>>> print(open('my_file_14.pdb').read())   # PDB, C-alpha atoms
MODEL        1
ATOM      1  CA  MET P1008     132.426 232.960 174.048
ATOM      2  CA  LYS P1009     129.213 234.317 175.527
ATOM      3  CA  LEU P1010     128.730 236.824 178.305
ATOM      4  CA  ARG P1011     125.668 238.226 180.015
ATOM      5  CA  VAL P1012     125.548 241.956 180.723
ATOM      6  CA  SER P1013     123.221 243.999 182.893
ATOM      7  CA  ALA P1014     122.960 247.799 182.685
ATOM      8  CA  VAL P1015     121.508 249.900 185.501
ATOM      9  CA  GLN P1016     119.270 252.920 184.943
ATOM     10  CA  TYR P1017     120.362 254.357 188.279
ATOM     11  CA  HIS P1018     117.730 256.459 190.055
ATOM     12  CA  LEU P1019     119.200 259.625 191.549
ATOM     13  CA  HIS P1020     117.438 261.028 194.590
ATOM     14  CA  THR P1021     118.501 262.823 197.759
ATOM     15  CA  ILE P1022     120.052 260.616 200.429
ATOM     16  CA  GLN P1023     121.239 261.151 203.987
ATOM     17  CA  SER P1024     124.265 258.844 204.306
ATOM     18  CA  PHE P1025     126.811 256.719 202.468
ATOM     19  CA  GLU P1026     125.027 253.662 203.892
ATOM     20  CA  GLU P1027     121.885 254.655 202.018
ATOM     21  CA  PHE P1028     123.907 254.889 198.806
ATOM     22  CA  ALA P1029     125.477 251.488 199.478
ATOM     23  CA  LYS P1030     122.076 249.842 199.977
ATOM     24  CA  GLN P1031     120.828 251.184 196.651
ATOM     25  CA  VAL P1032     123.964 249.969 194.857
ATOM     26  CA  GLU P1033     123.673 246.551 196.489
ATOM     27  CA  HIS P1034     120.036 246.276 195.378
ATOM     28  CA  TYR P1035     120.997 246.683 191.728
ATOM     29  CA  ILE P1036     123.968 244.347 191.981
ATOM     30  CA  LYS P1037     121.939 241.616 193.665
ATOM     31  CA  THR P1038     119.333 241.972 190.928
ATOM     32  CA  ALA P1039     122.015 241.525 188.255
ATOM     33  CA  GLU P1040     123.366 238.544 190.183
ATOM     34  CA  GLU P1041     119.904 236.959 190.196
ATOM     35  CA  PHE P1042     119.834 237.389 186.420
ATOM     36  CA  GLY P1043     123.178 235.573 186.171
ATOM     37  CA  ALA P1044     125.087 238.557 184.792
ATOM     38  CA  ASP P1045     128.827 238.398 184.153
ATOM     39  CA  PHE P1046     129.101 242.182 183.891
ATOM     40  CA  VAL P1047     127.022 244.960 185.411
ATOM     41  CA  LEU P1048     127.301 248.581 184.250
ATOM     42  CA  PHE P1049     126.458 251.678 186.302
ATOM     43  CA  PRO P1050     126.139 255.177 184.765
ATOM     44  CA  GLU P1051     128.496 258.101 184.643
ATOM     45  CA  PHE P1052     128.419 260.517 187.605
ATOM     46  CA  PHE P1053     126.025 258.338 189.611
ATOM     47  CA  THR P1054     128.166 258.922 192.725
ATOM     48  CA  THR P1055     127.189 262.608 192.619
ATOM     49  CA  GLN P1056     124.259 261.311 194.665
ATOM     50  CA  LEU P1057     126.691 261.411 197.587
ATOM     51  CA  MET P1058     126.854 265.189 197.264
ATOM     52  CA  SER P1059     123.199 265.366 198.308
ATOM     53  CA  ILE P1060     124.141 264.127 201.792
ATOM     54  CA  GLY P1061     125.325 267.630 202.625
ATOM     55  CA  ASN P1062     127.620 268.856 205.382
ATOM     56  CA  GLN P1063     127.047 269.431 209.084
ATOM     57  CA  GLN P1064     125.615 272.870 208.315
ATOM     58  CA  GLY P1065     122.990 271.327 206.052
ATOM     59  CA  GLN P1066     124.602 272.677 202.881
ATOM     60  CA  PRO P1067     125.026 270.463 199.812
ATOM     61  CA  LEU P1068     128.511 269.179 199.082
ATOM     62  CA  THR P1069     130.413 270.352 196.010
ATOM     63  CA  ILE P1070     132.292 268.471 193.315
ATOM     64  CA  GLN P1071     135.488 269.201 195.269
ATOM     65  CA  ASP P1072     134.116 267.089 198.133
ATOM     66  CA  LEU P1073     133.260 264.048 196.021
ATOM     67  CA  PRO P1074     136.802 262.564 195.961
ATOM     68  CA  ASP P1075     136.587 262.308 199.756
ATOM     69  CA  PHE P1076     134.285 259.303 199.224
ATOM     70  CA  THR P1077     136.737 257.451 196.969
ATOM     71  CA  GLU P1078     137.991 254.994 199.588
ATOM     72  CA  GLN P1079     134.444 254.065 200.649
ATOM     73  CA  TYR P1080     133.331 253.797 197.021
ATOM     74  CA  ARG P1081     136.204 251.485 196.092
ATOM     75  CA  SER P1082     135.781 249.335 199.181
ATOM     76  CA  LEU P1083     132.050 248.919 198.546
ATOM     77  CA  PHE P1084     132.470 247.823 194.948
ATOM     78  CA  ILE P1085     135.526 245.640 195.559
ATOM     79  CA  ASN P1086     133.607 243.687 198.181
ATOM     80  CA  LEU P1087     130.497 243.352 196.019
ATOM     81  CA  ALA P1088     132.506 242.162 192.996
ATOM     82  CA  LYS P1089     134.267 239.549 195.119
ATOM     83  CA  GLN P1090     131.029 238.406 196.750
ATOM     84  CA  THR P1091     129.070 238.071 193.519
ATOM     85  CA  LYS P1092     131.961 236.970 191.259
ATOM     86  CA  MET P1093     130.821 239.547 188.698
ATOM     87  CA  HIS P1094     132.744 242.190 186.810
ATOM     88  CA  ILE P1095     131.314 245.531 187.894
ATOM     89  CA  ILE P1096     131.834 248.715 185.906
ATOM     90  CA  GLY P1097     131.166 251.121 188.753
ATOM     91  CA  GLY P1098     130.038 253.912 186.454
ATOM     92  CA  THR P1099     132.356 256.853 186.945
ATOM     93  CA  HIS P1100     133.547 258.459 190.135
ATOM     94  CA  VAL P1101     135.399 261.752 190.458
ATOM     95  CA  ILE P1102     138.878 261.333 191.899
ATOM     96  CA  ARG P1103     141.677 263.785 192.669
ATOM     97  CA  LYS P1104     145.242 263.278 191.473
ATOM     98  CA  GLY P1105     147.963 265.893 191.675
ATOM     99  CA  GLY P1106     145.435 268.517 192.685
ATOM    100  CA  ARG P1107     143.291 267.869 189.593
ATOM    101  CA  LEU P1108     139.851 266.305 189.274
ATOM    102  CA  TYR P1109     139.302 263.396 186.882
ATOM    103  CA  ASN P1110     136.093 261.646 185.891
ATOM    104  CA  VAL P1111     137.159 258.012 186.056
ATOM    105  CA  ALA P1112     135.428 254.789 185.026
ATOM    106  CA  HIS P1113     136.295 251.899 187.351
ATOM    107  CA  LEU P1114     136.301 248.184 186.537
ATOM    108  CA  PHE P1115     136.068 245.970 189.613
ATOM    109  CA  TYR P1116     137.209 242.412 188.919
ATOM    110  CA  PRO P1117     135.808 239.372 190.794
ATOM    111  CA  ASP P1118     139.262 238.746 192.291
ATOM    112  CA  GLY P1119     139.456 242.209 193.888
ATOM    113  CA  ARG P1120     141.551 243.990 191.268
ATOM    114  CA  VAL P1121     140.532 247.473 190.173
ATOM    115  CA  ALA P1122     141.211 249.042 186.763
ATOM    116  CA  GLU P1123     140.688 252.697 185.883
ATOM    117  CA  GLN P1124     139.981 254.603 182.682
ATOM    118  CA  PRO P1125     139.711 258.397 182.961
ATOM    119  CA  LYS P1126     137.294 260.104 180.618
ATOM    120  CA  LEU P1127     139.338 261.350 177.665
ATOM    121  CA  HIS P1128     137.062 264.015 176.189
ATOM    122  CA  ILE P1129     135.682 266.588 178.610
ATOM    123  CA  THR P1130     132.501 268.529 177.872
ATOM    124  CA  PRO P1131     132.401 272.332 178.156
ATOM    125  CA  THR P1132     130.238 272.089 181.285
ATOM    126  CA  GLU P1133     132.701 269.730 182.968
ATOM    127  CA  VAL P1134     135.513 272.160 182.211
ATOM    128  CA  LYS P1135     133.784 275.437 183.084
ATOM    129  CA  GLU P1136     131.665 274.396 186.059
ATOM    130  CA  TRP P1137     133.653 271.553 187.625
ATOM    131  CA  ASN P1138     137.194 272.190 186.358
ATOM    132  CA  MET P1139     137.665 268.596 185.225
ATOM    133  CA  SER P1140     140.852 267.407 183.545
ATOM    134  CA  PRO P1141     140.963 264.858 180.688
ATOM    135  CA  GLY P1142     142.717 261.524 180.871
ATOM    136  CA  GLU P1143     145.836 261.077 178.767
ATOM    137  CA  SER P1144     145.677 257.513 177.440
ATOM    138  CA  LEU P1145     143.319 254.753 176.343
ATOM    139  CA  GLN P1146     143.516 251.243 177.728
ATOM    140  CA  VAL P1147     141.639 248.052 177.026
ATOM    141  CA  PHE P1148     141.073 245.465 179.732
ATOM    142  CA  GLU P1149     141.444 241.708 179.530
ATOM    143  CA  THR P1150     138.851 239.631 181.365
ATOM    144  CA  ASP P1151     138.088 235.922 181.366
ATOM    145  CA  LYS P1152     135.041 236.817 179.262
ATOM    146  CA  GLY P1153     136.824 238.843 176.587
ATOM    147  CA  THR P1154     138.516 242.192 176.041
ATOM    148  CA  ILE P1155     136.607 245.354 176.879
ATOM    149  CA  ALA P1156     137.037 249.115 176.864
ATOM    150  CA  MET P1157     135.373 251.785 179.011
ATOM    151  CA  LEU P1158     134.591 254.988 177.127
ATOM    152  CA  THR P1159     132.506 257.494 179.028
ATOM    153  CA  CYS P1160     129.593 259.410 177.490
ATOM    154  CA  TYR P1161     131.218 262.181 175.370
ATOM    155  CA  ASP P1162     134.057 259.777 174.478
ATOM    156  CA  ILE P1163     131.717 257.673 172.323
ATOM    157  CA  GLU P1164     131.059 260.718 170.110
ATOM    158  CA  PHE P1165     134.638 260.574 168.774
ATOM    159  CA  PRO P1166     135.172 257.859 166.135
ATOM    160  CA  GLU P1167     138.957 257.852 166.490
ATOM    161  CA  ILE P1168     139.032 256.702 170.112
ATOM    162  CA  VAL P1169     136.703 253.762 169.471
ATOM    163  CA  ARG P1170     138.822 252.802 166.458
ATOM    164  CA  MET P1171     141.809 252.697 168.790
ATOM    165  CA  ALA P1172     139.914 250.554 171.316
ATOM    166  CA  LYS P1173     138.962 248.079 168.585
ATOM    167  CA  ALA P1174     142.518 248.038 167.221
ATOM    168  CA  LYS P1175     143.737 247.197 170.720
ATOM    169  CA  GLY P1176     141.400 244.195 170.765
ATOM    170  CA  ALA P1177     138.190 245.391 172.452
ATOM    171  CA  ASP P1178     135.037 243.529 171.421
ATOM    172  CA  VAL P1179     132.718 245.239 173.910
ATOM    173  CA  ILE P1180     132.616 248.972 174.642
ATOM    174  CA  PHE P1181     131.013 249.866 177.963
ATOM    175  CA  CYS P1182     129.742 253.435 177.859
ATOM    176  CA  PRO P1183     128.533 254.882 181.167
ATOM    177  CA  SER P1184     126.660 258.088 180.469
ATOM    178  CA  CYS P1185     124.939 261.034 182.152
ATOM    179  CA  THR P1186     122.809 263.395 180.057
ATOM    180  CA  ASP P1187     120.364 266.016 181.224
ATOM    181  CA  ASP P1188     118.102 266.349 178.177
ATOM    182  CA  ARG P1189     116.987 264.633 174.995
ATOM    183  CA  HIS P1190     119.599 266.358 172.871
ATOM    184  CA  GLY P1191     122.503 265.018 174.899
ATOM    185  CA  PHE P1192     120.921 261.600 175.278
ATOM    186  CA  TYR P1193     120.417 261.126 171.555
ATOM    187  CA  ARG P1194     123.919 262.360 170.742
ATOM    188  CA  VAL P1195     125.291 259.531 172.847
ATOM    189  CA  ARG P1196     122.740 257.002 171.642
ATOM    190  CA  TYR P1197     123.105 257.668 167.917
ATOM    191  CA  THR P1198     126.897 257.718 168.030
ATOM    192  CA  SER P1199     126.885 254.455 170.003
ATOM    193  CA  HIS P1200     125.061 252.856 167.062
ATOM    194  CA  ALA P1201     127.549 254.388 164.622
ATOM    195  CA  ARG P1202     130.532 253.079 166.587
ATOM    196  CA  ALA P1203     129.008 249.573 166.724
ATOM    197  CA  ILE P1204     128.553 249.567 162.943
ATOM    198  CA  GLU P1205     131.944 251.111 162.095
ATOM    199  CA  ASN P1206     133.940 248.788 164.318
ATOM    200  CA  GLN P1207     131.708 245.692 164.469
ATOM    201  CA  VAL P1208     131.626 245.705 168.266
ATOM    202  CA  TYR P1209     128.987 245.600 170.975
ATOM    203  CA  VAL P1210     128.252 248.822 172.849
ATOM    204  CA  VAL P1211     126.633 248.650 176.285
ATOM    205  CA  THR P1212     125.422 252.011 177.532
ATOM    206  CA  THR P1213     123.314 253.387 180.355
ATOM    207  CA  GLY P1214     122.492 256.673 182.022
ATOM    208  CA  THR P1215     121.250 258.284 185.193
ATOM    209  CA  VAL P1216     117.551 258.918 185.815
ATOM    210  CA  GLY P1217     115.802 260.886 188.548
ATOM    211  CA  SER P1218     116.985 264.151 190.060
ATOM    212  CA  LEU P1219     119.230 265.690 192.701
ATOM    213  CA  PRO P1220     117.450 268.984 193.535
ATOM    214  CA  THR P1221     120.278 270.255 195.774
ATOM    215  CA  VAL P1222     123.187 269.371 193.472
ATOM    216  CA  ASP P1223     124.133 271.853 190.761
ATOM    217  CA  PHE P1224     124.079 270.423 187.217
ATOM    218  CA  MET P1225     122.459 267.168 188.414
ATOM    219  CA  ARG P1226     118.899 268.452 188.732
ATOM    220  CA  ALA P1227     117.815 267.020 185.380
ATOM    221  CA  ASN P1228     118.604 263.568 184.004
ATOM    222  CA  PHE P1229     117.423 261.849 180.833
ATOM    223  CA  GLY P1230     118.584 258.260 180.622
ATOM    224  CA  GLN P1231     118.043 254.860 179.080
ATOM    225  CA  ALA P1232     120.128 251.693 179.026
ATOM    226  CA  ALA P1233     120.718 249.768 175.802
ATOM    227  CA  VAL P1234     122.790 246.904 174.469
ATOM    228  CA  ILE P1235     123.707 247.791 170.884
ATOM    229  CA  THR P1236     124.985 245.509 168.119
ATOM    230  CA  PRO P1237     126.236 245.871 164.561
ATOM    231  CA  ASN P1238     123.381 245.958 162.032
ATOM    232  CA  ASP P1239     123.879 242.625 160.326
ATOM    233  CA  ILE P1240     121.975 239.380 159.807
ATOM    234  CA  PRO P1241     122.885 237.580 163.077
ATOM    235  CA  PHE P1242     121.660 240.579 165.104
ATOM    236  CA  PRO P1243     118.345 242.437 165.429
ATOM    237  CA  PRO P1244     117.665 244.672 162.387
ATOM    238  CA  ARG P1245     117.663 247.865 164.491
ATOM    239  CA  GLY P1246     120.890 246.845 166.262
ATOM    240  CA  ILE P1247     119.280 246.720 169.708
ATOM    241  CA  LEU P1248     119.417 243.571 171.817
ATOM    242  CA  VAL P1249     117.589 245.224 174.695
ATOM    243  CA  GLU P1250     116.731 248.708 175.919
ATOM    244  CA  GLY P1251     115.092 250.084 179.039
ATOM    245  CA  GLU P1252     112.089 252.310 179.481
ATOM    246  CA  ILE P1253     113.282 255.914 179.258
ATOM    247  CA  ASN P1254     113.742 257.580 182.670
ATOM    248  CA  HIS P1255     112.567 254.568 184.678
ATOM    249  CA  ASP P1256     114.382 253.064 187.653
ATOM    250  CA  MET P1257     115.307 249.652 186.266
ATOM    251  CA  ILE P1258     117.935 247.238 185.009
ATOM    252  CA  VAL P1259     118.184 245.548 181.599
ATOM    253  CA  THR P1260     120.010 242.324 180.733
ATOM    254  CA  ALA P1261     121.155 240.661 177.505
ATOM    255  CA  ASP P1262     123.527 237.968 176.267
ATOM    256  CA  LEU P1263     126.459 238.886 174.027
ATOM    257  CA  ASP P1264     127.844 236.245 171.682
ATOM    258  CA  LEU P1265     131.398 237.135 170.678
ATOM    259  CA  GLU P1266     131.448 234.380 168.055
ATOM    260  CA  LEU P1267     128.785 236.274 166.099
ATOM    261  CA  LEU P1268     131.053 239.332 166.058
ATOM    262  CA  TYR P1269     133.901 237.286 164.660
ATOM    263  CA  GLN P1270     131.597 235.838 162.003
ATOM    264  CA  VAL P1271     130.474 239.240 160.726
ATOM    265  CA  LEU P1272     134.041 240.571 160.898
ATOM    266  CA  GLU P1273     135.035 237.792 158.525
ATOM    267  CA  SER P1274     131.985 237.356 156.296
ATOM    268  CA  GLY P1275     129.202 239.768 157.213
ATOM    269  CA  SER P1276     126.891 241.551 154.784
ATOM    270  CA  VAL P1277     129.423 244.354 155.184
ATOM    271  CA  THR P1278     132.899 244.074 156.655
ATOM    272  CA  THR P1279     133.465 247.628 157.772
ATOM    273  CA  TRP P1280     136.474 246.948 159.974
ATOM    274  CA  ARG P1281     138.340 244.981 157.321
ATOM    275  CA  ASP P1282     137.390 247.354 154.503
ATOM    276  CA  ARG P1283     138.910 250.499 155.987
ATOM    277  CA  ARG P1284     140.929 252.418 153.389
ATOM    278  CA  THR P1285     144.070 252.917 155.410
ATOM    279  CA  ASP P1286     145.801 253.880 152.162
ATOM    280  CA  LEU P1287     143.584 256.988 152.032
ATOM    281  CA  TYR P1288     143.363 258.028 155.689
ATOM    282  CA  PRO P1289     145.404 257.448 158.843
ATOM    283  CA  ASP P1290     144.144 254.644 161.046
ATOM    284  CA  TRP P1291     145.188 252.022 163.556
ATOM    285  CA  LYS P1292     146.139 248.641 162.175
TER     286      LYS P1292
ENDMDL
END
>>> encode(input="my_file_14.pdb", output="structure tokens")
Amino acid sequence: MKLRVSAVQYHLHTIQSFEEFAKQVEHYIKTAEEFGADFVLFPEFFTTQLMSIGNQQGQPLTIQDLPDFTEQYRSLFINLAKQTKMHIIGGTHVIRKGGRLYNVAHLFYPDGRVAEQPKLHITPTEVKEWNMSPGESLQVFETDKGTIAMLTCYDIEFPEIVRMAKAKGADVIFCPSCTDDRHGFYRVRYTSHARAIENQVYVVTTGTVGSLPTVDFMRANFGQAAVITPNDIPFPPRGILVEGEINHDMIVTADLDLELLYQVLESGSVTTWRDRRTDLYPDWK
């Protein structure tokens, strides 16, 4: 089984309307479609761009206003997934449930279905400044191109949750991210490599670039897309199939071969998944 993935280094800049946002999204999706992608990944928090539209008094919107765009966001991506016949991971969008805010990754299927995975680990900034709540459970998602998981940014820094995703059958981890400096970026990047090695999975990650001068905590972005593999003979020595130019507005594309994963799981130079010492430490079978 092979699948082609595209990852968007989404350029944040001030906009005036939802229509302007939709045109930018459509540009990236049409580009991925031209590349023949089966999956396209957008970054975490890229819909905060909508907050730059402002209100009728010319004031920027707040994180509390962002869920008001949820219906338009879902409709836009549902239609684009159906039109292009691609699986679209619509980055994350902030939704409100039971009076609480959740940072939720969305998978839009080509047939119009929508799957959600709330971010499970919430950063101190998300808690203190935006009062975000964590999700309560991990899911994996079956597609006609394989089983995937969506783990957002900080999530990838926790080995246990990726172990669970692998144990549930995920071969590809999509990791939408949003980091504002090199420190945060490299935390996500280095742990993505570790998770790929530990679990013998692919990790597809991307982040926001550009700036939203009127939106608190979105003024600085440091991002780069990458498709990351285990470090074994069938794959590139550095474990990178493709990566973007840091902080550029662009899209990267690569082919994932699931058969190669199964080969290294069975008879790789190392077999890290199979060789776990579950007699010494708790784990997921």
>>> resolve_selection(input="my_file_14.pdb", expression="the PyMOL selection byres ((chain P and resi 1193-1205) around 9)", output="number ranges by chain")
P: 1160-1166, 1169-1170, 1180, 1182, 1184, 1186, 1188-1192, 1206-1212, 1233, 1235-1239, 1246-1247, 1278-1280
>>> closest_residue(input="my_file_14.pdb", among="P:Ile1258, P:Val1234, P:Ala1172, P:Leu1272", to="Val1032 (chain P)", atoms="only C-alpha atoms")
P:Ile1258
>>> atom_distance(input="my_file_14.pdb", atom1="CA of Ile1253 (chain P)", atom2="CA of Thr1130 (chain P)")
23.0 Å
>>> atom_distance(input="my_file_14.pdb", atom1="CA of Tyr1109 (chain P)", atom2="CA of Leu1087 (chain P)")
23.7 Å
>>> resolve_selection(input="my_file_14.pdb", expression="the PyMOL selection byres ((chain P and resi 1049-1052) around 7)", output="PyMOL selection string")
chain P and resi 1014-1015+1017+1047-1048+1053-1055+1096-1100+1159+1183-1185+1213-1215
>>> residues_near_point(input="my_file_14.pdb", point="(134.2, 231.8, 175.4)", cutoff="8 Å", atoms="only C-alpha atoms", output="PyMOL selection string")
chain P and resi 1008-1010+1152-1153+1265
>>> residues_around(input="my_file_14.pdb", residues="Gln1031 (chain P)", least_positions_apart="6", cutoff="12 Å", atoms="all atoms listed in the file", output="JSON list (two decimals) with C-alpha atoms, keeping the file's coordinate frame")
[["chain", "number", "residue", "atom", "x", "y", "z"],
["P", 1015, "VAL", "CA", 121.51, 249.90, 185.50],
["P", 1016, "GLN", "CA", 119.27, 252.92, 184.94],
["P", 1017, "TYR", "CA", 120.36, 254.36, 188.28],
["P", 1018, "HIS", "CA", 117.73, 256.46, 190.06],
["P", 1019, "LEU", "CA", 119.20, 259.62, 191.55],
["P", 1020, "HIS", "CA", 117.44, 261.03, 194.59],
["P", 1021, "THR", "CA", 118.50, 262.82, 197.76],
["P", 1022, "ILE", "CA", 120.05, 260.62, 200.43],
["P", 1024, "SER", "CA", 124.26, 258.84, 204.31],
["P", 1025, "PHE", "CA", 126.81, 256.72, 202.47],
["P", 1037, "LYS", "CA", 121.94, 241.62, 193.66],
["P", 1038, "THR", "CA", 119.33, 241.97, 190.93],
["P", 1049, "PHE", "CA", 126.46, 251.68, 186.30],
["P", 1053, "PHE", "CA", 126.02, 258.34, 189.61],
["P", 1054, "THR", "CA", 128.17, 258.92, 192.72],
["P", 1056, "GLN", "CA", 124.26, 261.31, 194.66],
["P", 1057, "LEU", "CA", 126.69, 261.41, 197.59],
["P", 1083, "LEU", "CA", 132.05, 248.92, 198.55],
["P", 1256, "ASP", "CA", 114.38, 253.06, 187.65],
["P", 1257, "MET", "CA", 115.31, 249.65, 186.27]]
>>> closest_atom_pairs(input="my_file_14.pdb", of="region 1137-1240 of chain P", to="region 1091-1094 of chain P", cutoff="12 Å", atoms="only C-alpha atoms", output="Markdown table")
| residue | atom | partner | partner_atom | distance |
| --- | --- | --- | --- | --- |
| P:Phe1148 | CA | P:His1094 | CA | 11.4 |
| P:Glu1149 | CA | P:His1094 | CA | 11.4 |
| P:Thr1150 | CA | P:His1094 | CA | 8.6 |
| P:Asp1151 | CA | P:His1094 | CA | 9.9 |
| P:Lys1152 | CA | P:His1094 | CA | 9.5 |
| P:Gly1153 | CA | P:His1094 | CA | 11.5 |
| P:Ile1155 | CA | P:His1094 | CA | 11.1 |
| P:Phe1181 | CA | P:His1094 | CA | 11.8 |
>>> closest_residue(input="my_file_14.pdb", among="P:Ala1044, P:Ala1156, P:Ile1095, P:Ala1261", to="Tyr1116 (chain P)", atoms="all atoms listed in the file")
P:Ile1095
>>> atom_distance(input="my_file_14.pdb", atom1="CA of Leu1267 (chain P)", atom2="CA of Ala1112 (chain P)")
27.3 Å
>>> resolve_selection(input="my_file_14.pdb", expression="the PyMOL selection byres ((chain P and resi 1070-1075) around 9)", output="ChimeraX atom specification")
/P:1054-1055,1057-1058,1068-1069,1076-1079,1100-1103,1108,1137
>>> residues_around(input="my_file_14.pdb", residues="region 1141-1147 of chain P", least_positions_apart="3", cutoff="8 Å", atoms="all atoms listed in the file", output="list in words")
Tyr1109, Asn1110, Gln1124, Pro1125, Lys1126, Leu1127, His1128, Ile1129, Thr1154, Ile1155, Ala1156, Met1157, Ile1168, Met1171, Ala1172, Lys1175, Gly1176 and Ala1177 of chain P
>>> decode(input="my_file_14.pdb", residues="region 1032-1049 of chain P", atoms="N, CA, C and O atoms", output="PDB file, in the first residue's frame")
ATOM      1  N   VAL P1032      -6.965  28.661   1.542  1.00  0.00           N
ATOM      2  CA  VAL P1032      -7.074  27.217   1.772  1.00  0.00           C
ATOM      3  C   VAL P1032      -7.214  26.478   0.443  1.00  0.00           C
ATOM      4  O   VAL P1032      -6.538  25.461   0.193  1.00  0.00           O
ATOM      5  N   GLU P1033      -8.087  26.974  -0.414  1.00  0.00           N
ATOM      6  CA  GLU P1033      -8.341  26.315  -1.694  1.00  0.00           C
ATOM      7  C   GLU P1033      -7.081  26.285  -2.556  1.00  0.00           C
ATOM      8  O   GLU P1033      -6.831  25.306  -3.270  1.00  0.00           O
ATOM      9  N   HIS P1034      -6.290  27.346  -2.488  1.00  0.00           N
ATOM     10  CA  HIS P1034      -5.024  27.387  -3.238  1.00  0.00           C
ATOM     11  C   HIS P1034      -4.119  26.221  -2.847  1.00  0.00           C
ATOM     12  O   HIS P1034      -3.582  25.517  -3.714  1.00  0.00           O
ATOM     13  N   TYR P1035      -3.960  26.001  -1.545  1.00  0.00           N
ATOM     14  CA  TYR P1035      -3.094  24.915  -1.099  1.00  0.00           C
ATOM     15  C   TYR P1035      -3.666  23.553  -1.494  1.00  0.00           C
ATOM     16  O   TYR P1035      -2.933  22.649  -1.909  1.00  0.00           O
ATOM     17  N   ILE P1036      -4.966  23.401  -1.337  1.00  0.00           N
ATOM     18  CA  ILE P1036      -5.586  22.112  -1.634  1.00  0.00           C
ATOM     19  C   ILE P1036      -5.514  21.797  -3.125  1.00  0.00           C
ATOM     20  O   ILE P1036      -5.240  20.658  -3.525  1.00  0.00           O
ATOM     21  N   LYS P1037      -5.717  22.801  -3.953  1.00  0.00           N
ATOM     22  CA  LYS P1037      -5.600  22.565  -5.403  1.00  0.00           C
ATOM     23  C   LYS P1037      -4.166  22.226  -5.786  1.00  0.00           C
ATOM     24  O   LYS P1037      -3.930  21.427  -6.702  1.00  0.00           O
ATOM     25  N   THR P1038      -3.206  22.824  -5.102  1.00  0.00           N
ATOM     26  CA  THR P1038      -1.805  22.489  -5.349  1.00  0.00           C
ATOM     27  C   THR P1038      -1.540  21.032  -4.999  1.00  0.00           C
ATOM     28  O   THR P1038      -0.922  20.288  -5.776  1.00  0.00           O
ATOM     29  N   ALA P1039      -2.018  20.592  -3.830  1.00  0.00           N
ATOM     30  CA  ALA P1039      -1.855  19.194  -3.431  1.00  0.00           C
ATOM     31  C   ALA P1039      -2.552  18.263  -4.416  1.00  0.00           C
ATOM     32  O   ALA P1039      -2.039  17.187  -4.740  1.00  0.00           O
ATOM     33  N   GLU P1040      -3.717  18.682  -4.896  1.00  0.00           N
ATOM     34  CA  GLU P1040      -4.445  17.870  -5.874  1.00  0.00           C
ATOM     35  C   GLU P1040      -3.638  17.726  -7.160  1.00  0.00           C
ATOM     36  O   GLU P1040      -3.571  16.641  -7.753  1.00  0.00           O
ATOM     37  N   GLU P1041      -2.997  18.807  -7.589  1.00  0.00           N
ATOM     38  CA  GLU P1041      -2.167  18.748  -8.795  1.00  0.00           C
ATOM     39  C   GLU P1041      -0.988  17.809  -8.616  1.00  0.00           C
ATOM     40  O   GLU P1041      -0.515  17.204  -9.575  1.00  0.00           O
ATOM     41  N   PHE P1042      -0.511  17.677  -7.379  1.00  0.00           N
ATOM     42  CA  PHE P1042       0.581  16.755  -7.085  1.00  0.00           C
ATOM     43  C   PHE P1042       0.094  15.312  -6.924  1.00  0.00           C
ATOM     44  O   PHE P1042       0.898  14.409  -6.722  1.00  0.00           O
ATOM     45  N   GLY P1043      -1.221  15.107  -6.972  1.00  0.00           N
ATOM     46  CA  GLY P1043      -1.771  13.762  -6.840  1.00  0.00           C
ATOM     47  C   GLY P1043      -1.779  13.236  -5.424  1.00  0.00           C
ATOM     48  O   GLY P1043      -1.701  12.016  -5.199  1.00  0.00           O
ATOM     49  N   ALA P1044      -1.904  14.126  -4.445  1.00  0.00           N
ATOM     50  CA  ALA P1044      -1.863  13.708  -3.040  1.00  0.00           C
ATOM     51  C   ALA P1044      -3.118  12.940  -2.645  1.00  0.00           C
ATOM     52  O   ALA P1044      -4.225  13.236  -3.113  1.00  0.00           O
ATOM     53  N   ASP P1045      -2.936  11.965  -1.760  1.00  0.00           N
ATOM     54  CA  ASP P1045      -4.061  11.262  -1.142  1.00  0.00           C
ATOM     55  C   ASP P1045      -4.472  11.925   0.167  1.00  0.00           C
ATOM     56  O   ASP P1045      -5.636  11.862   0.561  1.00  0.00           O
ATOM     57  N   PHE P1046      -3.484  12.525   0.841  1.00  0.00           N
ATOM     58  CA  PHE P1046      -3.711  13.222   2.099  1.00  0.00           C
ATOM     59  C   PHE P1046      -3.050  14.591   2.023  1.00  0.00           C
ATOM     60  O   PHE P1046      -1.947  14.717   1.473  1.00  0.00           O
ATOM     61  N   VAL P1047      -3.693  15.588   2.608  1.00  0.00           N
ATOM     62  CA  VAL P1047      -3.055  16.894   2.753  1.00  0.00           C
ATOM     63  C   VAL P1047      -3.224  17.343   4.195  1.00  0.00           C
ATOM     64  O   VAL P1047      -4.308  17.217   4.777  1.00  0.00           O
ATOM     65  N   LEU P1048      -2.124  17.828   4.788  1.00  0.00           N
ATOM     66  CA  LEU P1048      -2.091  18.209   6.200  1.00  0.00           C
ATOM     67  C   LEU P1048      -1.899  19.711   6.344  1.00  0.00           C
ATOM     68  O   LEU P1048      -0.959  20.277   5.784  1.00  0.00           O
ATOM     69  N   PHE P1049      -2.785  20.343   7.126  1.00  0.00           N
ATOM     70  CA  PHE P1049      -2.648  21.746   7.500  1.00  0.00           C
ATOM     71  C   PHE P1049      -2.143  21.826   8.939  1.00  0.00           C
ATOM     72  O   PHE P1049      -2.263  20.867   9.701  1.00  0.00           O
TER      73      PHE P1049
END
